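Colleague: Take this structure first; my questions come after.
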2 protein chains.
Amino acid sequence: MGLLDVRRHHLSLVLDHLVRSGPRSRAALAQETGLTKATVSALVADLLARQLVEEREPVGGRIGRPATDIAVSHTVVALGLQVDADRVAACVLDIAGDIRSRHSRGGDHRDAEPATVLELLREVTAEAMADIEAADLWCAGGALAVPGLVDETGELFVAANLHWLDVDLTAPQSRLGLPPSFPIVVDNEANLAALAELRHGLGRDLTSFVYVSGGVGVGAGAVIDGRIVRGANGFAGELGHVVVDPSGVRCACGTRGCLETVVGARRRTSSARRADALAAAFRNVVHLLDPEAVILGGSLAAGDEEIADAVAERLRETTLGGRWRPCPVLGSALGPDAALIGAATVAIDDVIADPTTVPVDPLTQTA
Amino acid sequence: MGLLDVRRHHLSLVLDHLVRSGPRSRAALAQETGLTKATVSALVADLLARQLVEEREPVGGRIGRPATDIAVSHTVVALGLQVDADRVAACVLDIAGDIRSRHSRGGDHRDAEPATVLELLREVTAEAMADIEAADLWCAGGALAVPGLVDETGELFVAANLHWLDVDLTAPQSRLGLPPSFPIVVDNEANLAALAELRHGLGRDLTSFVYVSGGVGVGAGAVIDGRIVRGANGFAGELGHVVVDPSGVRCACGTRGCLETVVGARRRTSSARRADALAAAFRNVVHLLDPEAVILGGSLAAGDEEIADAVAERLRETTLGGRWRPCPVLGSALGPDAALIGAATVAIDDVIADPTTVPVDPLTQTA
DNA sequence: TTTCGTTCGTATAGTCTCCGAACGATGGCG
DNA sequence: CGCCATCGTTCGGAGACTATACGAACGAAA
């Protein structure tokens with residue numbers, strides 16, 4: 001076992017390139033990754049054996065021998081789960097980025113017992129897993145998105161809008177009817193939505209941005225150098241509690257004038273005030289991190305285009321570097337399922353980072 | 001040439017381990033890096049040939065054959081340069097982290113012509129380079145710390161406390177009397193101070209923290225996963241312009257109530273107000289990034305211990321996660337030369353990241 | 001003072017993976 | 001129908017690491 005497993009790294013490189021750039025011939029992969037055709041052939045053979053990719057029919061048209069494109073297959077999937085104030089949901093996402101199935105239950109979970117909500121989650125999970133079974137897919141694992149502060153073990157400290165405090169979500173497999181070996185992580189929904197934005201949204205072309213999702217609360221996820229910032233305790237991204245007005249109204253968190261008190265979905269505030277508050281909060285973010293862009297998601301994306309433009313203009317005027325390199329403010333194209341998709345993406349990312357975790361199908365394996 | 005150069009990576013791994021953990025035998029290195037004794041021997045031989053490390057005398061005492069420790073040598077160095085409102089300075093730092101020489105010129109550079117200040121910098125640079133020559137050291141390159149907004153090419157947009165605007169610092173070699181091939185980068189002084197803190201200060205034990213340096217202005221550098229956050233344009237870390245009091249006094253940057261207007265070194269404010277302002281700013285930082293610690297540097301470190309404690313207490317009370325995982329506030333042990341040391345560290349880091357950039361000494365080279 | 005046991009560092013053979021070059025495969029084009 | 005551009009495979013060789021064995025050096029104990 002090598003300390004630095006070259007093969008593993010190159011398998012990941014090729015698979016990642018296919019996921020990002022679409023179907024490609026071995027020759028094209030060789031040129032684009034810098035590897036040799038011979039090496040790429042060997043790597044592709046390995047990925048084929050694991051059913052991570054599949055061969056397309058050779059397509060001619062150009063001069064020379066027709067190329068046979070290699071495409072990411074749809075047989076390896078991951079499970080995305082979400083608990084929110086008004087619903088629970090589960091989805092099945094494949095490596096290619098397609099949603100294979102989706103189940104949800106609406107409801108008002110504020111003040112509901114965690115056990116009750118988790119029972120609903122168990123139901124949608126079972127439905128999703130049944131779909132996976134029926135279609136004979138291989139599931140790499142999953143993640144659960146929660147609207148609150150969780151550490152990496154799954155200890156949920158507080159979810160203000162669910163009114164939950166100190167809920168133990170560590171090792172949730174049994175309560176979700178999943179096998180104990182099923183890999184599952186728990187993370188903040190804003191972080192996961194940012195991950196979805198990074199892989200499937202506007203973030204595909206960016207290496208550092210801040211995603212801000214509006215809902216009942218306001219959450220954010222920062223992506224720096226293509227990596228989600230989770231923080232020392234997993235608490236990063238609580239942009240909703242950045243103070244924009246020290247003399248403002250009291251927030252559920254205890255202090256006054258949090259961003260969330262102005263732009264939370266249930267607050268009735270004018271478009272102008274929302275833009276002011278967002279600009280004040282982002283001003284701090286831009287000064288601290290200098291991201292390539294700020295991306296508005298959730299209810300903030302659905303709002304008028306004007307808000308994004310107004311915020312961008314304010315940022316250009318009031319940030320130190322805005323005069324030379326203004327920070328663009330973009331609206332996310334991902335819908336309300338961003339966090340759900342992001343949750344599944346966690347496990348998909350694990351597969352792409354180490355394709356050898358997917359077993360080699362004995363039937364497909366070349367002698 | 002491999003796409004993934006294993007040898008290069010392992011050379012870096014061993015050298016980095018030696019730099020971080022101090023002198024060690026080959027056997028200890030093997031155990032701690034996970035490599036084999038044989039491999040470590042080969043790697044150490046390579047590092048010896050490049051004069052990056054040196055053998056110590058075998059020391060017994062314990063049972064068994066005495067180990068010969070390998071120590072980072074002092075013959076490979078880098079140049080650190082700094083322009084500030086009240087001085088220019090140059091230092092020579094070796095890989096082991098020792099300052100080999102240091103030269104500076106005091107003065108008041110506000111409103112001084114950039115050319116005049118650069119001439120002073122040329123002088124101290126020449127003195128430092130002469131020291132390198134005299135001691136027969138090998139210099140890997142250098143960096144220049146400036147108190148303002150610069151992009152990665154060296155274009156300085158604004159340095160508020162120098163009253164500089166749009167100064168071209170790209171390719172500064174000729175103006176500093178350095179050979180054109182001498183690798184030199186220009187970066188913000190707070191980012192570089194944070195780098196110094198990461199390598200030589202409290203940050204050695206941390207992977208993510210925010211360093212805040214007080215001076216005439218207030219600058220910050222964020223370290224996430226052991227990497228400095230420079231931002232899309234190199235503008236990250238302008239914590240001095242986070243608003244802590246929307247109705248406060250007007251700042252040099254144009255807006256009101258920036259942190260800098262309260263805690264800048266030339267402002268006369270009470271310890272209590274400073275702590276309040278810092279806590280308000282850090283509150284946003286902690287909510288956004290959830291760092292392992294906040295480190296106070298520059299004039300903020302020299303101030304009373306009380307400030308750090310007061311700020312930490314405020315953060316514990318007013319951050320969402322403070323109740324479960326309070327963010328510590330620490331005082332930096334690095335003195336006013338933090339940015340200068342950080343500048344040299346840039347080039348040192350390059351050497352550690354790829355030790356093959358240092359030529360093999362033909363005399364030392366084993367046949 | 002001799003012998004044993006322990007630890008350090010080196011030498012050698014084997015394995016993994018990549019690269020380079022040559023070669024067969026395939027199909028457009030004249 | 002032959003030419004040729006391009007695709008993908010095969011095969012030998014090189015680089016780097018691992019495992020194992022071995023010599024070197026020294027403390028401890030008889």
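Starting from 1 in every chain, residues are counted up; chains themselves are A, B, ... following the order of the structure tokens, and ligands are numbered from 1 as listed.
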May I ask you to extract the residues of chain C within 8 Å of chain A, using only C-alpha atoms (C1' of nucleotides), and to give them as a VMD selection string?
Modeller: chain C and resid 17 to 19 25 to 28
Colleague: Hey, list the chain B side of the contact with chain A: 6 Å cut-off, only C-alpha atoms, answer as a PDB file with N, CA and C atoms, in the first residue's frame.
Modeller:
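File result.pdb, as written:
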ATOM      1  N   GLY B 231      -8.014  35.419  -1.752  1.00  0.00           N
ATOM      2  CA  GLY B 231      -9.172  35.948  -2.439  1.00  0.00           C
ATOM      3  C   GLY B 231      -8.976  35.983  -3.942  1.00  0.00           C
ATOM      4  N   ALA B 232     -10.054  36.312  -4.643  1.00  0.00           N
ATOM      5  CA  ALA B 232     -10.039  36.284  -6.098  1.00  0.00           C
ATOM      6  C   ALA B 232      -9.049  37.295  -6.660  1.00  0.00           C
ATOM      7  N   PHE B 235      -7.465  40.623  -2.484  1.00  0.00           N
ATOM      8  CA  PHE B 235      -7.986  41.682  -1.624  1.00  0.00           C
ATOM      9  C   PHE B 235      -8.507  41.175  -0.289  1.00  0.00           C
ATOM     10  N   ALA B 236      -8.396  39.887  -0.024  1.00  0.00           N
ATOM     11  CA  ALA B 236      -8.982  39.344   1.207  1.00  0.00           C
ATOM     12  C   ALA B 236      -8.286  39.915   2.436  1.00  0.00           C
ATOM     13  N   GLY B 237      -8.976  39.887   3.554  1.00  0.00           N
ATOM     14  CA  GLY B 237      -8.361  40.269   4.825  1.00  0.00           C
ATOM     15  C   GLY B 237      -8.475  41.721   5.206  1.00  0.00           C
ATOM     16  N   GLU B 238      -9.332  42.447   4.531  1.00  0.00           N
ATOM     17  CA  GLU B 238      -9.487  43.868   4.882  1.00  0.00           C
ATOM     18  C   GLU B 238     -10.468  44.023   6.035  1.00  0.00           C
ATOM     19  N   LEU B 239     -10.145  43.373   7.130  1.00  0.00           N
ATOM     20  CA  LEU B 239     -11.032  43.400   8.288  1.00  0.00           C
ATOM     21  C   LEU B 239     -11.142  44.802   8.858  1.00  0.00           C
ATOM     22  N   VAL B 242     -14.439  46.424   8.113  1.00  0.00           N
ATOM     23  CA  VAL B 242     -15.715  45.863   8.537  1.00  0.00           C
ATOM     24  C   VAL B 242     -16.390  46.929   9.395  1.00  0.00           C
ATOM     25  N   ASN B 284     -18.797  38.604  13.404  1.00  0.00           N
ATOM     26  CA  ASN B 284     -19.101  38.300  12.012  1.00  0.00           C
ATOM     27  C   ASN B 284     -18.146  37.253  11.451  1.00  0.00           C
ATOM     28  N   HIS B 287     -18.956  33.801  12.889  1.00  0.00           N
ATOM     29  CA  HIS B 287     -20.172  33.255  12.291  1.00  0.00           C
ATOM     30  C   HIS B 287     -19.933  32.782  10.865  1.00  0.00           C
ATOM     31  N   LEU B 288     -19.090  33.500  10.165  1.00  0.00           N
ATOM     32  CA  LEU B 288     -18.873  33.140   8.757  1.00  0.00           C
ATOM     33  C   LEU B 288     -17.902  31.972   8.604  1.00  0.00           C
ATOM     34  N   LEU B 289     -16.796  31.982   9.366  1.00  0.00           N
ATOM     35  CA  LEU B 289     -15.720  31.008   9.117  1.00  0.00           C
ATOM     36  C   LEU B 289     -15.525  29.982  10.227  1.00  0.00           C
ATOM     37  N   ASP B 290     -16.012  30.262  11.428  1.00  0.00           N
ATOM     38  CA  ASP B 290     -15.822  29.342  12.550  1.00  0.00           C
ATOM     39  C   ASP B 290     -14.379  28.882  12.674  1.00  0.00           C
ATOM     40  N   PRO B 291     -13.449  29.824  12.875  1.00  0.00           N
ATOM     41  CA  PRO B 291     -12.034  29.443  12.967  1.00  0.00           C
ATOM     42  C   PRO B 291     -11.731  28.781  14.308  1.00  0.00           C
ATOM     43  N   GLU B 292     -10.592  28.111  14.364  1.00  0.00           N
ATOM     44  CA  GLU B 292     -10.185  27.481  15.621  1.00  0.00           C
ATOM     45  C   GLU B 292      -9.795  28.541  16.645  1.00  0.00           C
TER      46      GLU B 292
END
Colleague: Within 7 Å of chain A, which residues of chain D show up? Give each one with its shortest atom-to-atom distance in Å (one decimal) and the two atoms involved, counting only C-alpha atoms (C1' of nucleotides), rows by chain then rising residue number, as a tab-separated table.
Modeller:
residue	atom	partner	partner_atom	distance
D:DA5	C1'	A:Gly64	CA	4.7
D:DT6	C1'	A:Gly64	CA	4.2
D:DC7	C1'	A:Arg65	CA	5.3
Colleague: Keeping only N, CA and C atoms (P, O5', C5', C4', C3', O3' and C1' of nucleotides), write the selected residues to a file as a short mmCIF file (atom, residue, chain, number, x, y, z; two decimals), in the first residue's frame.
Modeller:
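New file out.cif:
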data_model
loop_
_atom_site.label_atom_id
_atom_site.label_comp_id
_atom_site.auth_asym_id
_atom_site.auth_seq_id
_atom_site.Cartn_x
_atom_site.Cartn_y
_atom_site.Cartn_z
P DA D 5 -2.00 11.99 -43.32
"O5'" DA D 5 -2.95 12.54 -42.16
"C5'" DA D 5 -4.28 12.90 -42.46
"C4'" DA D 5 -5.24 12.39 -41.41
"C3'" DA D 5 -4.73 12.54 -39.98
"O3'" DA D 5 -5.75 13.17 -39.22
"C1'" DA D 5 -5.47 10.31 -40.35
P DT D 6 -5.40 13.82 -37.77
"O5'" DT D 6 -6.10 12.79 -36.81
"C5'" DT D 6 -7.48 12.48 -37.00
"C4'" DT D 6 -7.82 11.18 -36.29
"C3'" DT D 6 -7.34 11.10 -34.84
"O3'" DT D 6 -8.48 11.05 -34.01
"C1'" DT D 6 -6.99 9.06 -36.01
P DC D 7 -8.35 10.98 -32.41
"O5'" DC D 7 -8.64 9.44 -32.17
"C5'" DC D 7 -9.82 8.85 -32.70
"C4'" DC D 7 -9.85 7.38 -32.35
"C3'" DC D 7 -9.54 7.08 -30.90
"O3'" DC D 7 -10.55 6.24 -30.35
"C1'" DC D 7 -8.13 5.79 -32.33
#
Colleague: I'd like the contact shell of A:Asp309 - 10 Å cut-off, only C-alpha atoms (C1' of nucleotides), skipping same-chain residues fewer than 6 positions apart - returned as a PyMOL selection string.
Modeller: chain A and resi 275+315+328-331
Colleague: Write the residues of the selection above to a file with C-alpha atoms, as an mmCIF file, in the first residue's frame.
Modeller:
data_model
loop_
_atom_site.group_PDB
_atom_site.id
_atom_site.type_symbol
_atom_site.label_atom_id
_atom_site.label_comp_id
_atom_site.auth_asym_id
_atom_site.auth_seq_id
_atom_site.Cartn_x
_atom_site.Cartn_y
_atom_site.Cartn_z
ATOM 1 C CA ALA A 275 -30.925 45.017 -0.492
ATOM 2 C CA LEU A 315 -20.853 46.591 -3.042
ATOM 3 C CA PRO A 328 -20.562 40.232 -8.893
ATOM 4 C CA VAL A 329 -23.814 39.187 -7.231
ATOM 5 C CA LEU A 330 -25.549 36.334 -9.041
ATOM 6 C CA GLY A 331 -28.855 34.554 -8.654
#
Colleague: Mind checking DSSP for stretch 113-229 of chain B and telling me the strand (DSSP E or B) residues as an NGL selection string?
Modeller: :B and (138-146 or 149-150 or 155-159 or 164-168 or 184-188 or 209-214 or 218-224 or 227-228)
Colleague: Please provide as a PyMOL selection string all residues within 12 Å of B:Ala252, with the sequence filter that same-chain residues fewer than 3 positions apart are discarded (counting only C-alpha atoms (C1' of nucleotides)).
Modeller: (chain A and resi 320) or (chain B and resi 158-163+216-217+240-241+249+255-261+264)
Colleague: Can I get the residues of chain C within 12 Å of stretch 10-24 of chain D, each with the closest pair of atoms and their distance in Å to one decimal, using only C-alpha atoms (C1' of nucleotides), sorted chain first then ascending number, as CSV?
Modeller:
residue,atom,partner,partner_atom,distance
C:DT7,C1',D:DA24,C1',10.3
C:DC8,C1',D:DA24,C1',8.1
C:DG9,C1',D:DA24,C1',8.2
C:DT10,C1',D:DG23,C1',8.2
C:DA11,C1',D:DC22,C1',8.0
C:DT12,C1',D:DA21,C1',8.6
C:DA13,C1',D:DT20,C1',9.1
C:DG14,C1',D:DA19,C1',8.5
C:DT15,C1',D:DT18,C1',8.0
C:DC16,C1',D:DC17,C1',8.5
C:DT17,C1',D:DG15,C1',9.4
C:DC18,C1',D:DG15,C1',8.6
C:DC19,C1',D:DA14,C1',8.2
C:DG20,C1',D:DG13,C1',9.1
C:DA21,C1',D:DC11,C1',9.5
C:DA22,C1',D:DT10,C1',8.8
C:DC23,C1',D:DT10,C1',7.8
C:DG24,C1',D:DT10,C1',9.5
Colleague: Counting only C-alpha atoms (C1' of nucleotides), what is within 10 Å of A:Leu300, bar same-chain residues fewer than 2 positions away, as number ranges by chain?
Modeller: A: 212-215, 218, 263-265, 274, 295-298, 302-305, 307-308, 331-332
Colleague: Save the residues we just selected, N, CA and C atoms, as a PDB file, in the first residue's frame?
Modeller:
ATOM      1  N   VAL A 212     -25.399  32.265  -0.493  1.00  0.00           N
ATOM      2  CA  VAL A 212     -26.285  32.698   0.580  1.00  0.00           C
ATOM      3  C   VAL A 212     -27.690  32.232   0.262  1.00  0.00           C
ATOM      4  N   SER A 213     -28.259  31.473   1.158  1.00  0.00           N
ATOM      5  CA  SER A 213     -29.578  30.941   0.898  1.00  0.00           C
ATOM      6  C   SER A 213     -30.594  31.598   1.808  1.00  0.00           C
ATOM      7  N   GLY A 214     -31.631  32.135   1.210  1.00  0.00           N
ATOM      8  CA  GLY A 214     -32.707  32.722   1.988  1.00  0.00           C
ATOM      9  C   GLY A 214     -33.808  31.712   2.194  1.00  0.00           C
ATOM     10  N   GLY A 215     -34.367  31.712   3.365  1.00  0.00           N
ATOM     11  CA  GLY A 215     -35.490  30.840   3.677  1.00  0.00           C
ATOM     12  C   GLY A 215     -36.126  31.458   4.895  1.00  0.00           C
ATOM     13  N   VAL A 218     -31.479  32.642   7.305  1.00  0.00           N
ATOM     14  CA  VAL A 218     -30.522  32.917   6.233  1.00  0.00           C
ATOM     15  C   VAL A 218     -29.260  32.135   6.540  1.00  0.00           C
ATOM     16  N   VAL A 263     -34.115  39.979   6.304  1.00  0.00           N
ATOM     17  CA  VAL A 263     -34.410  39.318   5.037  1.00  0.00           C
ATOM     18  C   VAL A 263     -34.994  37.920   5.202  1.00  0.00           C
ATOM     19  N   GLY A 264     -35.263  37.460   6.424  1.00  0.00           N
ATOM     20  CA  GLY A 264     -35.905  36.160   6.615  1.00  0.00           C
ATOM     21  C   GLY A 264     -37.216  36.123   5.846  1.00  0.00           C
ATOM     22  N   ALA A 265     -37.570  34.938   5.328  1.00  0.00           N
ATOM     23  CA  ALA A 265     -38.710  34.827   4.422  1.00  0.00           C
ATOM     24  C   ALA A 265     -40.017  35.279   5.067  1.00  0.00           C
ATOM     25  N   ARG A 274     -34.186  45.168   2.132  1.00  0.00           N
ATOM     26  CA  ARG A 274     -33.516  43.876   2.019  1.00  0.00           C
ATOM     27  C   ARG A 274     -32.160  44.053   1.350  1.00  0.00           C
ATOM     28  N   ILE A 295     -23.397  34.436  -4.502  1.00  0.00           N
ATOM     29  CA  ILE A 295     -24.514  33.792  -5.181  1.00  0.00           C
ATOM     30  C   ILE A 295     -25.718  33.761  -4.250  1.00  0.00           C
ATOM     31  N   LEU A 296     -26.815  34.282  -4.736  1.00  0.00           N
ATOM     32  CA  LEU A 296     -28.046  34.304  -3.937  1.00  0.00           C
ATOM     33  C   LEU A 296     -28.888  33.090  -4.268  1.00  0.00           C
ATOM     34  N   GLY A 297     -29.281  32.343  -3.224  1.00  0.00           N
ATOM     35  CA  GLY A 297     -30.089  31.149  -3.450  1.00  0.00           C
ATOM     36  C   GLY A 297     -31.357  31.191  -2.619  1.00  0.00           C
ATOM     37  N   GLY A 298     -32.130  30.110  -2.703  1.00  0.00           N
ATOM     38  CA  GLY A 298     -33.368  30.023  -1.947  1.00  0.00           C
ATOM     39  C   GLY A 298     -34.320  31.128  -2.350  1.00  0.00           C
ATOM     40  N   ALA A 302     -35.222  33.696  -5.994  1.00  0.00           N
ATOM     41  CA  ALA A 302     -36.531  33.802  -6.617  1.00  0.00           C
ATOM     42  C   ALA A 302     -36.998  35.259  -6.689  1.00  0.00           C
ATOM     43  N   GLY A 303     -36.492  36.082  -5.794  1.00  0.00           N
ATOM     44  CA  GLY A 303     -36.899  37.485  -5.776  1.00  0.00           C
ATOM     45  C   GLY A 303     -36.494  38.213  -7.040  1.00  0.00           C
ATOM     46  N   ASP A 304     -36.842  39.483  -7.081  1.00  0.00           N
ATOM     47  CA  ASP A 304     -36.543  40.253  -8.283  1.00  0.00           C
ATOM     48  C   ASP A 304     -35.063  40.236  -8.606  1.00  0.00           C
ATOM     49  N   GLU A 305     -34.790  40.283  -9.857  1.00  0.00           N
ATOM     50  CA  GLU A 305     -33.430  40.442 -10.344  1.00  0.00           C
ATOM     51  C   GLU A 305     -32.834  41.724  -9.774  1.00  0.00           C
ATOM     52  N   ILE A 307     -32.841  43.024  -6.912  1.00  0.00           N
ATOM     53  CA  ILE A 307     -32.116  42.958  -5.652  1.00  0.00           C
ATOM     54  C   ILE A 307     -30.649  42.661  -5.890  1.00  0.00           C
ATOM     55  N   ALA A 308     -30.394  41.646  -6.730  1.00  0.00           N
ATOM     56  CA  ALA A 308     -29.003  41.282  -6.992  1.00  0.00           C
ATOM     57  C   ALA A 308     -28.239  42.468  -7.559  1.00  0.00           C
ATOM     58  N   GLY A 331     -27.730  35.324  -9.164  1.00  0.00           N
ATOM     59  CA  GLY A 331     -28.855  34.554  -8.654  1.00  0.00           C
ATOM     60  C   GLY A 331     -28.679  33.092  -9.016  1.00  0.00           C
ATOM     61  N   SER A 332     -28.881  32.219  -8.042  1.00  0.00           N
ATOM     62  CA  SER A 332     -28.707  30.794  -8.284  1.00  0.00           C
ATOM     63  C   SER A 332     -29.807  30.254  -9.189  1.00  0.00           C
TER      64      SER A 332
END
Colleague: Run DSSP on the backbone and tell me which residues of stretch 195-278 of chain B come out as helix (DSSP H, G or I); list them as a PyMOL selection string.
Modeller: chain B and resi 195-200+202-205+239-241+259-263+271-278
Colleague: How many Å separate atom CA of A:His103 from atom CA of A:Cys91?
Modeller: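 Going from atom CA of A:His103 over to atom CA of A:Cys91, I get 6.3 Å.
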